[in-house]
file input24.cif (mmCIF, C-alpha atoms and all ligand atoms)
data_run
loop_
_atom_site.label_atom_id
_atom_site.label_comp_id
_atom_site.auth_asym_id
_atom_site.auth_seq_id
_atom_site.Cartn_x
_atom_site.Cartn_y
_atom_site.Cartn_z
CA MET A 1044 123.01 74.16 100.84
CA ASN A 1045 121.97 77.67 101.76
CA LYS A 1046 119.31 77.92 104.38
CA ILE A 1047 115.89 79.43 103.55
CA TYR A 1048 114.40 81.83 106.09
CA SER A 1049 110.68 82.56 106.04
CA ALA A 1050 107.79 84.26 107.83
CA SER A 1051 104.06 83.96 107.17
CA THR A 1052 101.25 86.32 108.02
CA THR A 1053 97.63 87.05 107.20
CA ALA A 1054 96.07 90.45 106.64
CA PRO A 1055 92.40 91.42 106.47
CA VAL A 1056 90.46 93.45 103.95
CA ASN A 1057 89.31 96.95 104.84
CA ILE A 1058 86.33 98.60 103.20
CA ALA A 1059 86.45 102.38 102.98
CA THR A 1060 83.52 104.37 104.27
CA LEU A 1061 85.17 107.59 103.06
CA LYS A 1062 86.87 106.72 99.81
CA TYR A 1063 90.43 107.33 98.68
CA TRP A 1064 90.16 108.19 95.01
CA GLY A 1065 92.94 110.28 93.47
CA LYS A 1066 96.71 110.65 93.78
CA ARG A 1067 98.63 113.90 94.11
CA ASP A 1068 101.92 112.04 93.62
CA THR A 1069 101.90 108.78 91.66
CA THR A 1070 105.50 107.83 92.51
CA LEU A 1071 105.13 108.04 96.29
CA ASN A 1072 101.44 107.13 96.05
CA LEU A 1073 100.22 110.17 97.94
CA PRO A 1074 96.46 110.74 97.96
CA THR A 1075 94.39 113.82 97.14
CA ASN A 1076 92.28 113.25 100.26
CA SER A 1077 92.26 111.56 103.64
CA SER A 1078 90.08 108.45 103.93
CA ILE A 1079 88.41 106.24 106.54
CA SER A 1080 87.69 102.52 106.60
CA VAL A 1081 86.51 99.62 108.71
CA THR A 1082 88.75 96.56 108.85
CA LEU A 1083 86.84 93.30 108.40
CA SER A 1084 87.38 90.06 110.24
CA GLN A 1085 90.09 87.90 108.74
CA ASP A 1086 87.99 84.83 109.38
CA ASP A 1087 86.20 85.72 106.16
CA LEU A 1088 88.27 87.74 103.72
CA ARG A 1089 92.01 87.61 104.06
CA THR A 1090 95.37 87.31 102.34
CA LEU A 1091 97.90 84.74 103.49
CA THR A 1092 101.48 85.56 102.51
CA THR A 1093 104.78 83.83 103.11
CA ALA A 1094 107.99 85.78 102.60
CA SER A 1095 111.23 83.82 102.21
CA CYS A 1096 114.80 84.81 101.54
CA SER A 1097 117.98 82.91 100.96
CA LYS A 1098 121.46 83.50 99.67
CA SER A 1099 120.68 80.89 97.02
CA PHE A 1100 117.71 82.76 95.50
CA THR A 1101 118.54 84.45 92.21
CA GLU A 1102 115.60 86.86 91.74
CA ASP A 1103 112.79 88.52 93.66
CA THR A 1104 109.55 86.70 92.80
CA LEU A 1105 105.86 86.89 93.66
CA TRP A 1106 103.49 83.98 93.27
CA LEU A 1107 99.92 85.26 93.54
CA ASN A 1108 97.07 82.74 93.80
CA GLY A 1109 99.26 80.05 92.25
CA SER A 1110 100.61 82.06 89.29
CA LYS A 1111 104.01 83.67 89.00
CA GLU A 1112 103.56 87.42 88.51
CA ASP A 1113 105.86 89.53 86.36
CA ILE A 1114 107.02 92.08 88.92
CA THR A 1115 109.96 93.52 86.99
CA GLY A 1116 107.91 96.56 85.91
CA SER A 1117 106.01 96.93 89.16
CA LYS A 1118 107.63 100.11 90.46
CA ARG A 1119 105.38 100.26 93.51
CA LEU A 1120 106.13 96.72 94.64
CA LEU A 1121 109.85 97.30 94.05
CA ALA A 1122 109.62 100.48 96.18
CA CYS A 1123 108.26 98.37 99.05
CA PHE A 1124 111.15 95.90 98.70
CA ARG A 1125 113.67 98.75 98.58
CA GLU A 1126 112.30 100.49 101.69
CA LEU A 1127 112.04 97.27 103.70
CA ARG A 1128 115.62 96.31 102.75
CA GLU A 1129 116.74 99.76 103.86
CA LEU A 1130 115.16 99.18 107.30
CA ARG A 1131 116.72 95.72 107.45
CA ARG A 1132 120.13 97.32 106.86
CA GLY A 1133 119.48 99.29 110.06
CA VAL A 1134 118.96 96.02 111.95
CA GLU A 1135 122.14 94.58 110.45
CA ALA A 1136 124.14 97.70 111.29
CA ALA A 1137 122.98 97.55 114.92
CA ASP A 1138 123.70 93.83 115.37
CA SER A 1139 126.81 92.31 113.84
CA ALA A 1140 125.34 88.82 114.34
CA ALA A 1141 122.30 89.63 112.15
CA LEU A 1142 122.32 87.84 108.80
CA PRO A 1143 122.74 90.06 105.71
CA MET A 1144 119.17 89.34 104.62
CA SER A 1145 118.96 92.76 102.94
CA GLU A 1146 121.27 91.32 100.27
CA PHE A 1147 119.25 88.13 99.73
CA LYS A 1148 116.54 87.88 97.06
CA LEU A 1149 112.95 87.51 98.24
CA HIS A 1150 110.35 84.92 97.29
CA LEU A 1151 106.76 85.85 98.12
CA VAL A 1152 103.88 83.39 97.94
CA SER A 1153 100.46 84.92 98.46
CA GLU A 1154 96.90 83.75 98.35
CA ASN A 1155 93.64 85.65 98.65
CA ASN A 1156 90.65 83.61 99.86
CA PHE A 1157 88.26 85.96 98.01
CA PRO A 1158 88.07 87.43 94.46
CA THR A 1159 91.20 89.33 93.37
CA ALA A 1160 90.85 92.69 91.57
CA ALA A 1161 87.04 92.57 91.80
CA GLY A 1162 86.48 95.60 94.03
CA LEU A 1163 86.79 93.78 97.35
CA ALA A 1164 90.08 95.43 98.33
CA SER A 1165 92.48 92.63 97.39
CA SER A 1166 95.28 95.15 96.90
CA ALA A 1167 94.68 96.38 100.48
CA ALA A 1168 94.90 92.97 102.16
CA GLY A 1169 97.53 91.81 99.66
CA LEU A 1170 100.05 94.61 100.09
CA ALA A 1171 99.48 94.83 103.86
CA ALA A 1172 100.25 91.12 104.16
CA LEU A 1173 103.27 91.44 101.90
CA VAL A 1174 104.81 94.29 103.89
CA ARG A 1175 104.00 92.65 107.23
CA ALA A 1176 105.45 89.27 106.15
CA ILE A 1177 108.73 90.84 105.03
CA ALA A 1178 108.87 93.04 108.16
CA ASP A 1179 108.45 89.91 110.30
CA LEU A 1180 111.09 88.04 108.29
CA TYR A 1181 113.49 90.96 108.75
CA GLU A 1182 112.56 91.34 112.46
CA LEU A 1183 111.97 95.06 111.96
CA PRO A 1184 111.21 97.11 115.08
CA GLN A 1185 109.02 99.66 113.25
CA ASP A 1186 105.39 100.00 114.39
CA ALA A 1187 102.26 99.65 112.24
CA THR A 1188 102.08 103.36 111.42
CA GLU A 1189 105.69 103.38 110.17
CA LEU A 1190 105.03 100.24 108.10
CA SER A 1191 101.81 101.82 106.80
CA LYS A 1192 103.95 104.37 104.91
CA ILE A 1193 105.61 101.50 103.07
CA ALA A 1194 102.38 99.57 102.44
CA ARG A 1195 100.87 102.82 101.11
CA GLN A 1196 103.48 102.87 98.37
CA GLY A 1197 102.43 99.36 97.30
CA SER A 1198 98.72 100.20 97.26
CA GLY A 1199 97.18 103.19 99.00
CA SER A 1200 94.33 101.33 100.67
CA ALA A 1201 96.82 98.78 102.06
CA CYS A 1202 98.09 101.23 104.68
CA ARG A 1203 94.73 100.98 106.47
CA SER A 1204 94.79 97.14 106.61
CA LEU A 1205 97.70 97.22 109.07
CA PHE A 1206 95.20 98.17 111.78
CA GLY A 1207 92.01 96.59 113.06
CA GLY A 1208 88.84 98.47 113.90
CA TYR A 1209 88.19 101.98 112.55
CA VAL A 1210 91.10 103.43 110.64
CA ALA A 1211 92.03 106.74 109.03
CA TRP A 1212 94.61 107.31 106.33
CA GLU A 1213 95.78 110.86 106.94
CA MET A 1214 96.79 112.30 103.59
CA GLY A 1215 99.58 114.46 105.06
CA SER A 1216 101.12 117.50 103.41
CA SER A 1217 104.82 116.70 103.21
CA PRO A 1218 106.14 116.27 99.64
CA ASP A 1219 108.22 113.25 100.74
CA GLY A 1220 105.16 111.40 102.10
CA SER A 1221 106.57 111.13 105.61
CA ASP A 1222 103.24 112.17 107.17
CA SER A 1223 100.92 110.24 104.83
CA LYS A 1224 100.10 107.34 107.11
CA ALA A 1225 97.41 105.19 108.71
CA VAL A 1226 96.25 105.68 112.29
CA GLN A 1227 93.60 103.88 114.29
CA ILE A 1228 90.53 106.01 115.09
CA ALA A 1229 89.14 103.39 117.47
CA PRO A 1230 89.74 99.71 118.13
CA VAL A 1231 87.06 97.16 117.28
CA GLU A 1232 85.99 96.90 120.94
CA HIS A 1233 84.90 100.53 120.80
CA TRP A 1234 81.91 99.58 118.61
CA PRO A 1235 81.75 95.77 118.61
CA GLU A 1236 78.14 95.66 117.38
CA MET A 1237 79.18 96.78 113.90
CA ARG A 1238 78.62 94.18 111.18
CA ALA A 1239 79.26 94.05 107.46
CA CYS A 1240 77.40 92.01 104.89
CA ILE A 1241 79.17 91.41 101.60
CA LEU A 1242 77.16 90.89 98.45
CA VAL A 1243 79.36 89.31 95.81
CA VAL A 1244 77.65 90.51 92.66
CA SER A 1245 80.57 89.53 90.45
CA ALA A 1246 83.91 87.91 91.16
CA ASP A 1247 85.24 88.98 87.72
CA LYS A 1248 88.36 91.10 87.43
CA LYS A 1249 87.34 94.74 86.95
CA ASP A 1250 87.88 96.39 83.52
CA THR A 1251 89.55 99.48 84.98
CA SER A 1252 91.97 98.97 87.89
CA SER A 1253 91.70 101.36 90.82
CA THR A 1254 95.14 102.75 89.99
CA ALA A 1255 94.19 103.60 86.40
CA GLY A 1256 90.62 104.69 87.16
CA MET A 1257 91.48 107.25 89.79
CA GLN A 1258 93.98 109.01 87.55
CA VAL A 1259 91.40 109.28 84.74
CA THR A 1260 89.14 110.97 87.30
CA VAL A 1261 91.88 113.32 88.56
CA ASN A 1262 92.75 114.34 85.00
CA THR A 1263 89.28 114.72 83.52
CA SER A 1264 86.46 115.14 86.05
CA PRO A 1265 85.27 118.72 86.68
CA LEU A 1266 83.29 117.44 89.67
CA PHE A 1267 86.40 116.00 91.30
CA ALA A 1268 87.81 119.35 92.51
CA HIS A 1269 84.51 120.04 94.26
CA ARG A 1270 84.64 116.65 96.01
CA ILE A 1271 88.21 117.16 97.18
CA ASN A 1272 87.99 120.82 98.21
CA ASN A 1273 84.44 121.25 99.46
CA VAL A 1274 83.10 117.86 100.45
CA VAL A 1275 85.66 115.40 101.78
CA PRO A 1276 87.54 117.52 104.38
CA GLN A 1277 84.35 118.24 106.37
CA ARG A 1278 83.07 114.70 105.85
CA PHE A 1279 86.32 113.28 107.22
CA GLU A 1280 85.87 115.13 110.52
CA LEU A 1281 82.16 114.32 110.76
CA MET A 1282 82.73 110.63 110.07
CA LYS A 1283 85.49 110.41 112.65
CA LYS A 1284 83.15 111.99 115.20
CA SER A 1285 80.27 109.64 114.28
CA ILE A 1286 82.58 106.68 114.98
CA LEU A 1287 83.82 108.10 118.28
CA ASP A 1288 80.18 108.89 119.28
CA ARG A 1289 78.94 105.51 118.00
CA ASP A 1290 76.27 107.41 116.07
CA PHE A 1291 75.20 104.80 113.51
CA ALA A 1292 72.65 106.97 111.68
CA GLN A 1293 75.23 109.67 111.06
CA PHE A 1294 77.97 107.17 110.18
CA ALA A 1295 75.62 105.42 107.76
CA GLN A 1296 74.42 108.59 106.04
CA LEU A 1297 77.98 109.81 105.52
CA THR A 1298 79.07 106.38 104.25
CA MET A 1299 76.29 106.22 101.65
CA GLN A 1300 76.83 109.82 100.56
CA ASP A 1301 80.52 109.20 100.10
CA SER A 1302 80.02 106.02 98.08
CA ASN A 1303 77.66 107.94 95.81
CA SER A 1304 80.04 110.89 95.55
CA PHE A 1305 82.89 108.55 94.55
CA HIS A 1306 80.79 106.80 91.89
CA ALA A 1307 79.58 110.22 90.69
CA VAL A 1308 83.14 111.40 89.98
CA CYS A 1309 83.77 108.09 88.20
CA LEU A 1310 80.78 108.75 85.94
CA ASP A 1311 81.97 112.36 85.49
CA SER A 1312 85.31 111.12 84.11
CA THR A 1313 86.20 110.92 80.42
CA PRO A 1314 85.75 108.20 79.36
CA PRO A 1315 83.19 107.50 82.10
CA ILE A 1316 84.00 104.70 84.54
CA PHE A 1317 81.18 102.37 85.57
CA TYR A 1318 81.86 100.16 88.56
CA MET A 1319 78.28 99.54 89.71
CA ASN A 1320 75.76 97.52 87.71
CA ASP A 1321 72.00 96.85 87.84
CA ILE A 1322 72.33 94.51 90.82
CA SER A 1323 74.42 97.09 92.70
CA ARG A 1324 71.68 99.65 92.08
CA ALA A 1325 69.03 97.15 93.25
CA ALA A 1326 71.01 96.79 96.49
CA ILE A 1327 70.98 100.58 96.94
CA ARG A 1328 67.23 100.68 96.44
CA ALA A 1329 66.75 97.77 98.86
CA VAL A 1330 68.79 99.52 101.58
CA ASP A 1331 66.85 102.77 101.05
CA GLU A 1332 63.59 100.85 101.42
CA ILE A 1333 64.82 99.02 104.55
CA ASN A 1334 65.71 102.34 106.15
CA ARG A 1335 62.39 103.89 105.13
CA LEU A 1336 60.38 100.99 106.57
CA ALA A 1337 62.46 100.98 109.78
CA GLY A 1338 61.80 104.69 110.21
CA GLN A 1339 65.50 105.21 110.93
CA THR A 1340 68.84 104.52 109.29
CA VAL A 1341 69.69 100.94 110.18
CA ALA A 1342 71.82 100.04 107.14
CA ALA A 1343 74.48 101.69 104.97
CA TYR A 1344 75.65 100.55 101.55
CA THR A 1345 79.04 101.24 100.08
CA PHE A 1346 80.71 100.14 96.85
CA ASP A 1347 84.42 100.20 96.10
CA ALA A 1348 85.79 100.09 92.56
CA GLY A 1349 83.56 97.17 91.54
CA PRO A 1350 79.89 96.10 91.61
CA ASN A 1351 80.06 94.26 94.94
CA ALA A 1352 78.09 95.76 97.81
CA VAL A 1353 79.17 96.01 101.42
CA ILE A 1354 76.32 96.76 103.80
CA TYR A 1355 77.14 98.01 107.30
CA TYR A 1356 74.58 97.56 110.09
CA LEU A 1357 74.46 96.93 113.82
CA LYS A 1358 74.10 93.41 115.17
CA GLU A 1359 70.75 94.14 116.83
CA ASN A 1360 69.30 95.04 113.42
CA ALA A 1361 70.52 91.92 111.62
CA GLN A 1362 67.03 90.54 110.98
CA VAL A 1363 65.55 93.86 109.92
CA VAL A 1364 68.36 94.39 107.44
CA LEU A 1365 69.30 90.98 106.08
CA GLY A 1366 65.83 89.49 105.63
CA PRO A 1367 64.45 92.21 103.36
CA LEU A 1368 67.82 92.62 101.61
CA LYS A 1369 67.88 89.00 100.58
CA ALA A 1370 64.21 89.02 99.60
CA ALA A 1371 64.56 92.20 97.55
CA LEU A 1372 67.61 91.01 95.66
CA LYS A 1373 66.17 87.58 94.96
CA SER A 1374 63.34 89.16 93.03
CA GLN A 1375 65.85 90.91 90.76
CA ASP A 1376 66.39 89.31 87.36
CA GLY A 1377 70.11 89.61 87.83
CA TRP A 1378 70.14 87.71 91.08
CA ALA A 1379 71.45 84.55 89.44
CA SER A 1380 74.75 86.27 88.82
CA ALA A 1381 74.94 87.61 92.36
CA SER A 1382 76.73 84.59 93.63
CA ALA A 1383 76.66 84.99 97.36
CA ILE A 1384 75.27 87.06 100.11
CA LYS A 1385 77.53 86.63 103.05
CA PRO A 1386 75.78 87.91 106.13
CA GLU A 1387 77.25 88.72 109.50
CA VAL A 1388 80.90 89.30 108.84
CA PRO A 1389 81.83 90.64 112.25
CA THR A 1390 84.20 93.53 112.06
CA SER A 1391 86.10 91.94 114.85
CA PHE A 1392 89.63 91.81 113.56
CA GLU A 1393 92.01 92.16 116.45
CA SER A 1394 95.24 93.87 115.60
CA ARG A 1395 98.15 91.60 116.36
CA TRP A 1396 100.58 94.39 115.73
P1 LIG A 1401 90.99 95.49 94.36
O1 LIG A 1401 89.68 96.19 94.26
O2 LIG A 1401 90.81 94.01 94.50
O3 LIG A 1401 91.88 96.08 95.40
P2 LIG A 1401 92.90 96.71 92.54
O4 LIG A 1401 92.70 97.08 91.10
O5 LIG A 1401 93.05 97.83 93.48
O6 LIG A 1401 91.70 95.75 92.94
O7 LIG A 1401 94.20 95.83 92.72
C1 LIG A 1401 94.32 94.53 92.24
C2 LIG A 1401 95.79 94.19 92.15
O8 LIG A 1401 96.38 94.15 93.45
C3 LIG A 1401 96.08 92.82 91.58
O9 LIG A 1401 96.00 92.83 90.17
C4 LIG A 1401 97.51 92.58 92.11
O10 LIG A 1401 98.45 93.29 91.33
C5 LIG A 1401 97.47 93.24 93.47
N1 LIG A 1401 97.21 92.21 94.50
C6 LIG A 1401 96.03 91.67 94.86
N2 LIG A 1401 96.20 90.73 95.80
C7 LIG A 1401 97.53 90.66 96.05
C8 LIG A 1401 98.34 89.88 96.93
N3 LIG A 1401 97.79 88.98 97.74
N4 LIG A 1401 99.69 90.07 96.92
C9 LIG A 1401 100.24 90.99 96.10
N5 LIG A 1401 99.53 91.77 95.25
C10 LIG A 1401 98.19 91.61 95.22
C1 LIG A 1402 87.67 102.62 95.75
O1 LIG A 1402 94.29 101.37 97.07
O2 LIG A 1402 93.41 99.93 95.23
O3 LIG A 1402 88.79 101.03 97.11
O4 LIG A 1402 96.77 102.98 95.54
O5 LIG A 1402 96.43 102.64 93.11
O6 LIG A 1402 96.68 100.64 94.61
P1 LIG A 1402 96.21 102.07 94.48
O7 LIG A 1402 94.62 102.04 94.66
P2 LIG A 1402 93.72 101.28 95.71
O8 LIG A 1402 92.40 102.17 95.64
C2 LIG A 1402 91.30 101.94 96.46
C3 LIG A 1402 90.13 102.69 95.98
C4 LIG A 1402 88.83 102.36 96.71
C5 LIG A 1402 88.62 103.29 97.91
C6 LIG A 1402 89.40 103.01 99.17
O9 LIG A 1402 89.76 101.86 99.45
O10 LIG A 1402 89.62 103.98 99.92
CO CO A 1403 92.62 98.02 95.50
#

call {"tool": "encode", "arguments": {"input": "input24.cif", "output": "structure tokens", "more": "lines below"}}
Ligand code: ADP
Ligand code: DP6
Ligand code: CO
result
Amino acid sequence: MNKIYSASTTAPVNIATLKYWGKRDTTLNLPTNSSISVTLSQDDLRTLTTASCSKSFTEDTLWLNGSKEDITGSKRLLACFRELRELRRGVEAADSAALPMSEFKLHLVSENNFPTAAGLASSAAGLAALVRAIADLYELPQDATELSKIARQGSGSACRSLFGGYVAWEMGSSPDGSDSKAVQIAPVEHWPEMRACILVVSADKKDTSSTAGMQVTVNTSPLFAHRINNVVPQRFELMKKSILDRDFAQFAQLTMQDSNSFHAVCLDSTPPIFYMNDISRAAIRAVDEINRLAGQTVAAYTFDAGPNAVIYYLKENAQVVLGPLKAALKSQDGWASASAIKPEVPTSFESRW
């Protein structure tokens, strides 16, 4: 009997406050812009992945949420396997006692405890967990930033889920992607009062995947060039500063503007891409009203590639934000389909890595 070796890990979701939307290189998964996100607590939304390898395994497999996935055509997943095996070969070359795991087939078993492919960043948590689990199995010495370059090739947003707190994905300029990586802007302790509320409007799989949607935008939206050249570079610097200064009003305004800019380029695509729905728009109006009544910006909405809202606010404003938000959305006709409002998800994920 051949022995089976395995390692398990969890990875959290991150929700972008400055969105990645567009690839300049689809093979290496290099983005058209740098992005920023907040990593959420893994007590609430997380992926759990176990990576195993054995001489007796006959093929690489991925079981996702209980179903076997067909990964034979998944070039991006296969690129992650290839790069991780390459790093494992380095471990084997340096230590003659190390098992030749790079030659063994891999079995991955993964589970998301939240809706998959519904615009809640399952590909981010999923690919971060996958890369981390294999890196642990292989006992790789590389740090989170090095691994982020591999996770990026699996799913762009995944590179940011290798860090806790406030994270930037620097787009880089090198054609080989060697400087397109995630870095931590600040750890969670820097701004521990930050909270996120997740409004699950729909747990359904989205019609247009992020991968497909962003390339439609790159290829067809006249507004997109304006976003990339004239809007995002300045916004990236301003948002970083707002985090370092703990300036919530500025952080919130930039976050809402960027969500709207991203959904505007989706609408400007041909055919147009609609990720938000009537309930999403009701959430936007509710947040605007909450801020107006508070006389200051106490809440920020953002929507990824799906209808589900994430609302950022500071702990001290929980009542001011969550009470009216719940009341406003309950009076919407569509509320019945908004399955859950999950308040107070602390953004308190501690990086283990
Ligand atoms: P989301 O908004 O949820 O990130 P995407 O369209 O970006 O949606 O990606 C969804 C895809 O990500 C899934 O169809 C699957 O291929 C992949 N994915 C999601 N979760 C996992 C996971 N735990 N392990 C591996 N791949 C995953
Ligand atoms: C709207 O990272 O899911 O969530 O790289 O093709 O896997 P691929 O795309 P993905 O795109 C995320 C888009 C977004 C914004 C963001 O997370 O920055
Ligand atoms: Co995704």

call {"tool": "atom_distance", "arguments": {"input": "input24.cif", "atom1": "atom CA of Ala1137 of chain A", "atom2": "atom CA of Glu1189 of chain A"}}
result
18.9 Å

call {"tool": "residues_near_ligand", "arguments": {"input": "input24.cif", "ligand": "ligand LIG 1402 (chain A)", "cutoff": "9 Å", "atoms": "all atoms listed in the file", "output": "ChimeraX atom specification"}}
result
/A:1057-1066,1069,1072-1074,1077-1080,1119,1160,1162-1167,1170,1195-1203,1212,1252-1258,1302,1305-1306,1346-1349

call {"tool": "write_last_selection", "arguments": {"input": "input24.cif", "atoms": "C-alpha atoms", "output": "short mmCIF file (atom, residue, chain, number, x, y, z; two decimals), in the frame of the given file"}}
result
data_model
loop_
_atom_site.label_atom_id
_atom_site.label_comp_id
_atom_site.auth_asym_id
_atom_site.auth_seq_id
_atom_site.Cartn_x
_atom_site.Cartn_y
_atom_site.Cartn_z
CA ASN A 1057 89.31 96.95 104.84
CA ILE A 1058 86.33 98.60 103.20
CA ALA A 1059 86.45 102.38 102.98
CA THR A 1060 83.52 104.37 104.27
CA LEU A 1061 85.17 107.59 103.06
CA LYS A 1062 86.87 106.72 99.81
CA TYR A 1063 90.43 107.33 98.68
CA TRP A 1064 90.16 108.19 95.01
CA GLY A 1065 92.94 110.28 93.47
CA LYS A 1066 96.71 110.65 93.78
CA THR A 1069 101.90 108.78 91.66
CA ASN A 1072 101.44 107.13 96.05
CA LEU A 1073 100.22 110.17 97.94
CA PRO A 1074 96.46 110.74 97.96
CA SER A 1077 92.26 111.56 103.64
CA SER A 1078 90.08 108.45 103.93
CA ILE A 1079 88.41 106.24 106.54
CA SER A 1080 87.69 102.52 106.60
CA ARG A 1119 105.38 100.26 93.51
CA ALA A 1160 90.85 92.69 91.57
CA GLY A 1162 86.48 95.60 94.03
CA LEU A 1163 86.79 93.78 97.35
CA ALA A 1164 90.08 95.43 98.33
CA SER A 1165 92.48 92.63 97.39
CA SER A 1166 95.28 95.15 96.90
CA ALA A 1167 94.68 96.38 100.48
CA LEU A 1170 100.05 94.61 100.09
CA ARG A 1195 100.87 102.82 101.11
CA GLN A 1196 103.48 102.87 98.37
CA GLY A 1197 102.43 99.36 97.30
CA SER A 1198 98.72 100.20 97.26
CA GLY A 1199 97.18 103.19 99.00
CA SER A 1200 94.33 101.33 100.67
CA ALA A 1201 96.82 98.78 102.06
CA CYS A 1202 98.09 101.23 104.68
CA ARG A 1203 94.73 100.98 106.47
CA TRP A 1212 94.61 107.31 106.33
CA SER A 1252 91.97 98.97 87.89
CA SER A 1253 91.70 101.36 90.82
CA THR A 1254 95.14 102.75 89.99
CA ALA A 1255 94.19 103.60 86.40
CA GLY A 1256 90.62 104.69 87.16
CA MET A 1257 91.48 107.25 89.79
CA GLN A 1258 93.98 109.01 87.55
CA SER A 1302 80.02 106.02 98.08
CA PHE A 1305 82.89 108.55 94.55
CA HIS A 1306 80.79 106.80 91.89
CA PHE A 1346 80.71 100.14 96.85
CA ASP A 1347 84.42 100.20 96.10
CA ALA A 1348 85.79 100.09 92.56
CA GLY A 1349 83.56 97.17 91.54
#

call {"tool": "atom_distance", "arguments": {"input": "input24.cif", "atom1": "atom CA of Leu1105 of chain A", "atom2": "atom CA of Asn1045 of chain A"}}
result
20.3 Å

call {"tool": "residues_around", "arguments": {"input": "input24.cif", "residues": "Ser1221 of chain A", "least_positions_apart": "2", "cutoff": "12 Å", "atoms": "only C-alpha atoms", "output": "list in words"}}
result
Leu1071, Asn1072, Leu1073, Thr1188, Glu1189, Leu1190, Ser1191, Lys1192, Ile1193, Arg1195, Gln1196, Glu1213, Met1214, Gly1215, Ser1216, Ser1217, Pro1218, Asp1219, Ser1223, Lys1224 and Ala1225 of chain A

call {"tool": "closest_residue", "arguments": {"input": "input24.cif", "among": "A:Thr1251, A:Gln1277, A:Ser1245, A:Thr1340", "to": "ligand CO 1403 (chain A)", "atoms": "only C-alpha atoms and all ligand atoms"}}
result
A:Thr1251

call {"tool": "atom_distance", "arguments": {"input": "input24.cif", "atom1": "atom CA of Tyr1355 of chain A", "atom2": "atom CA of Thr1075 of chain A"}}
result
25.5 Å

call {"tool": "closest_residue", "arguments": {"input": "input24.cif", "among": "A:Val1259, A:Cys1123, A:Leu1083, A:Leu1149", "to": "Pro1314 of chain A", "atoms": "only C-alpha atoms"}}
result
A:Val1259

call {"tool": "closest_residue", "arguments": {"input": "input24.cif", "among": "A:Ala1171, A:Ile1241, A:Leu1151, A:Ala1343", "to": "ligand CO 1403 (chain A)", "atoms": "all atoms listed in the file"}}
result
A:Ala1171

call {"tool": "closest_residue", "arguments": {"input": "input24.cif", "among": "A:Gly1169, A:Thr1260, A:Thr1092, A:Ile1333", "to": "ligand CO 1403 (chain A)", "atoms": "all atoms listed in the file"}}
result
A:Gly1169

call {"tool": "residues_around", "arguments": {"input": "input24.cif", "residues": "Trp1234 of chain A", "least_positions_apart": "6", "cutoff": "10 Å", "atoms": "all atoms listed in the file", "output": "list of chain:residue names"}}
result
A:Gly1208, A:Tyr1209, A:Ile1286, A:Leu1287, A:Asp1288, A:Arg1289, A:Asp1290, A:Phe1291, A:Leu1357, A:Thr1390, A:Ser1391

call {"tool": "closest_residue", "arguments": {"input": "input24.cif", "among": "A:Phe1100, A:Phe1157, A:Tyr1344, A:Phe1124", "to": "Pro1055 of chain A", "atoms": "all atoms listed in the file"}}
result
A:Phe1157

call {"tool": "closest_residue", "arguments": {"input": "input24.cif", "among": "A:Val1081, A:Leu1107, A:Ala1325, A:Val1174", "to": "ligand LIG 1401 (chain A)", "atoms": "only C-alpha atoms and all ligand atoms"}}
result
A:Leu1107

call {"tool": "residues_around", "arguments": {"input": "input24.cif", "residues": "Ile1177 of chain A", "least_positions_apart": "6", "cutoff": "10 Å", "atoms": "all atoms listed in the file", "output": "PDB file with C-alpha atoms, in the coordinates of the input"}}
result
ATOM      1  CA  SER A1049     110.680  82.560 106.040  1.00  0.00           C
ATOM      2  CA  ALA A1050     107.790  84.260 107.830  1.00  0.00           C
ATOM      3  CA  SER A1051     104.060  83.960 107.170  1.00  0.00           C
ATOM      4  CA  THR A1052     101.250  86.320 108.020  1.00  0.00           C
ATOM      5  CA  THR A1092     101.480  85.560 102.510  1.00  0.00           C
ATOM      6  CA  THR A1093     104.780  83.830 103.110  1.00  0.00           C
ATOM      7  CA  ALA A1094     107.990  85.780 102.600  1.00  0.00           C
ATOM      8  CA  SER A1095     111.230  83.820 102.210  1.00  0.00           C
ATOM      9  CA  CYS A1096     114.800  84.810 101.540  1.00  0.00           C
ATOM     10  CA  CYS A1123     108.260  98.370  99.050  1.00  0.00           C
ATOM     11  CA  PHE A1124     111.150  95.900  98.700  1.00  0.00           C
ATOM     12  CA  LEU A1127     112.040  97.270 103.700  1.00  0.00           C
ATOM     13  CA  ARG A1128     115.620  96.310 102.750  1.00  0.00           C
ATOM     14  CA  ARG A1131     116.720  95.720 107.450  1.00  0.00           C
ATOM     15  CA  LEU A1149     112.950  87.510  98.240  1.00  0.00           C
ATOM     16  CA  HIS A1150     110.350  84.920  97.290  1.00  0.00           C
ATOM     17  CA  LEU A1151     106.760  85.850  98.120  1.00  0.00           C
ATOM     18  CA  LEU A1183     111.970  95.060 111.960  1.00  0.00           C
TER      19      LEU A1183
END

call {"tool": "axis_aligned_box", "arguments": {"input": "input24.cif", "around": "segment 1346-1364 of chain A", "padding_each_side": "3 Å", "output": "AutoDock Vina command-line options"}}
result
--center_x 75.7 --center_y 95.4 --center_z 104.2 --size_x 26.2 --size_y 15.7 --size_z 31.3

call {"tool": "residues_around", "arguments": {"input": "input24.cif", "residues": "Thr1345 of chain A", "least_positions_apart": "3", "cutoff": "7 Å", "atoms": "all atoms listed in the file", "output": "PyMOL selection string"}}
result
chain A and resi 1060+1298-1299+1302+1352-1354

call {"tool": "write_last_selection", "arguments": {"input": "input24.cif", "atoms": "C-alpha atoms", "output": "tab-separated table (two decimals), in the coordinates of the input"}}
result
chain	number	residue	atom	x	y	z
A	1060	THR	CA	83.52	104.37	104.27
A	1298	THR	CA	79.07	106.38	104.25
A	1299	MET	CA	76.29	106.22	101.65
A	1302	SER	CA	80.02	106.02	98.08
A	1352	ALA	CA	78.09	95.76	97.81
A	1353	VAL	CA	79.17	96.01	101.42
A	1354	ILE	CA	76.32	96.76	103.80
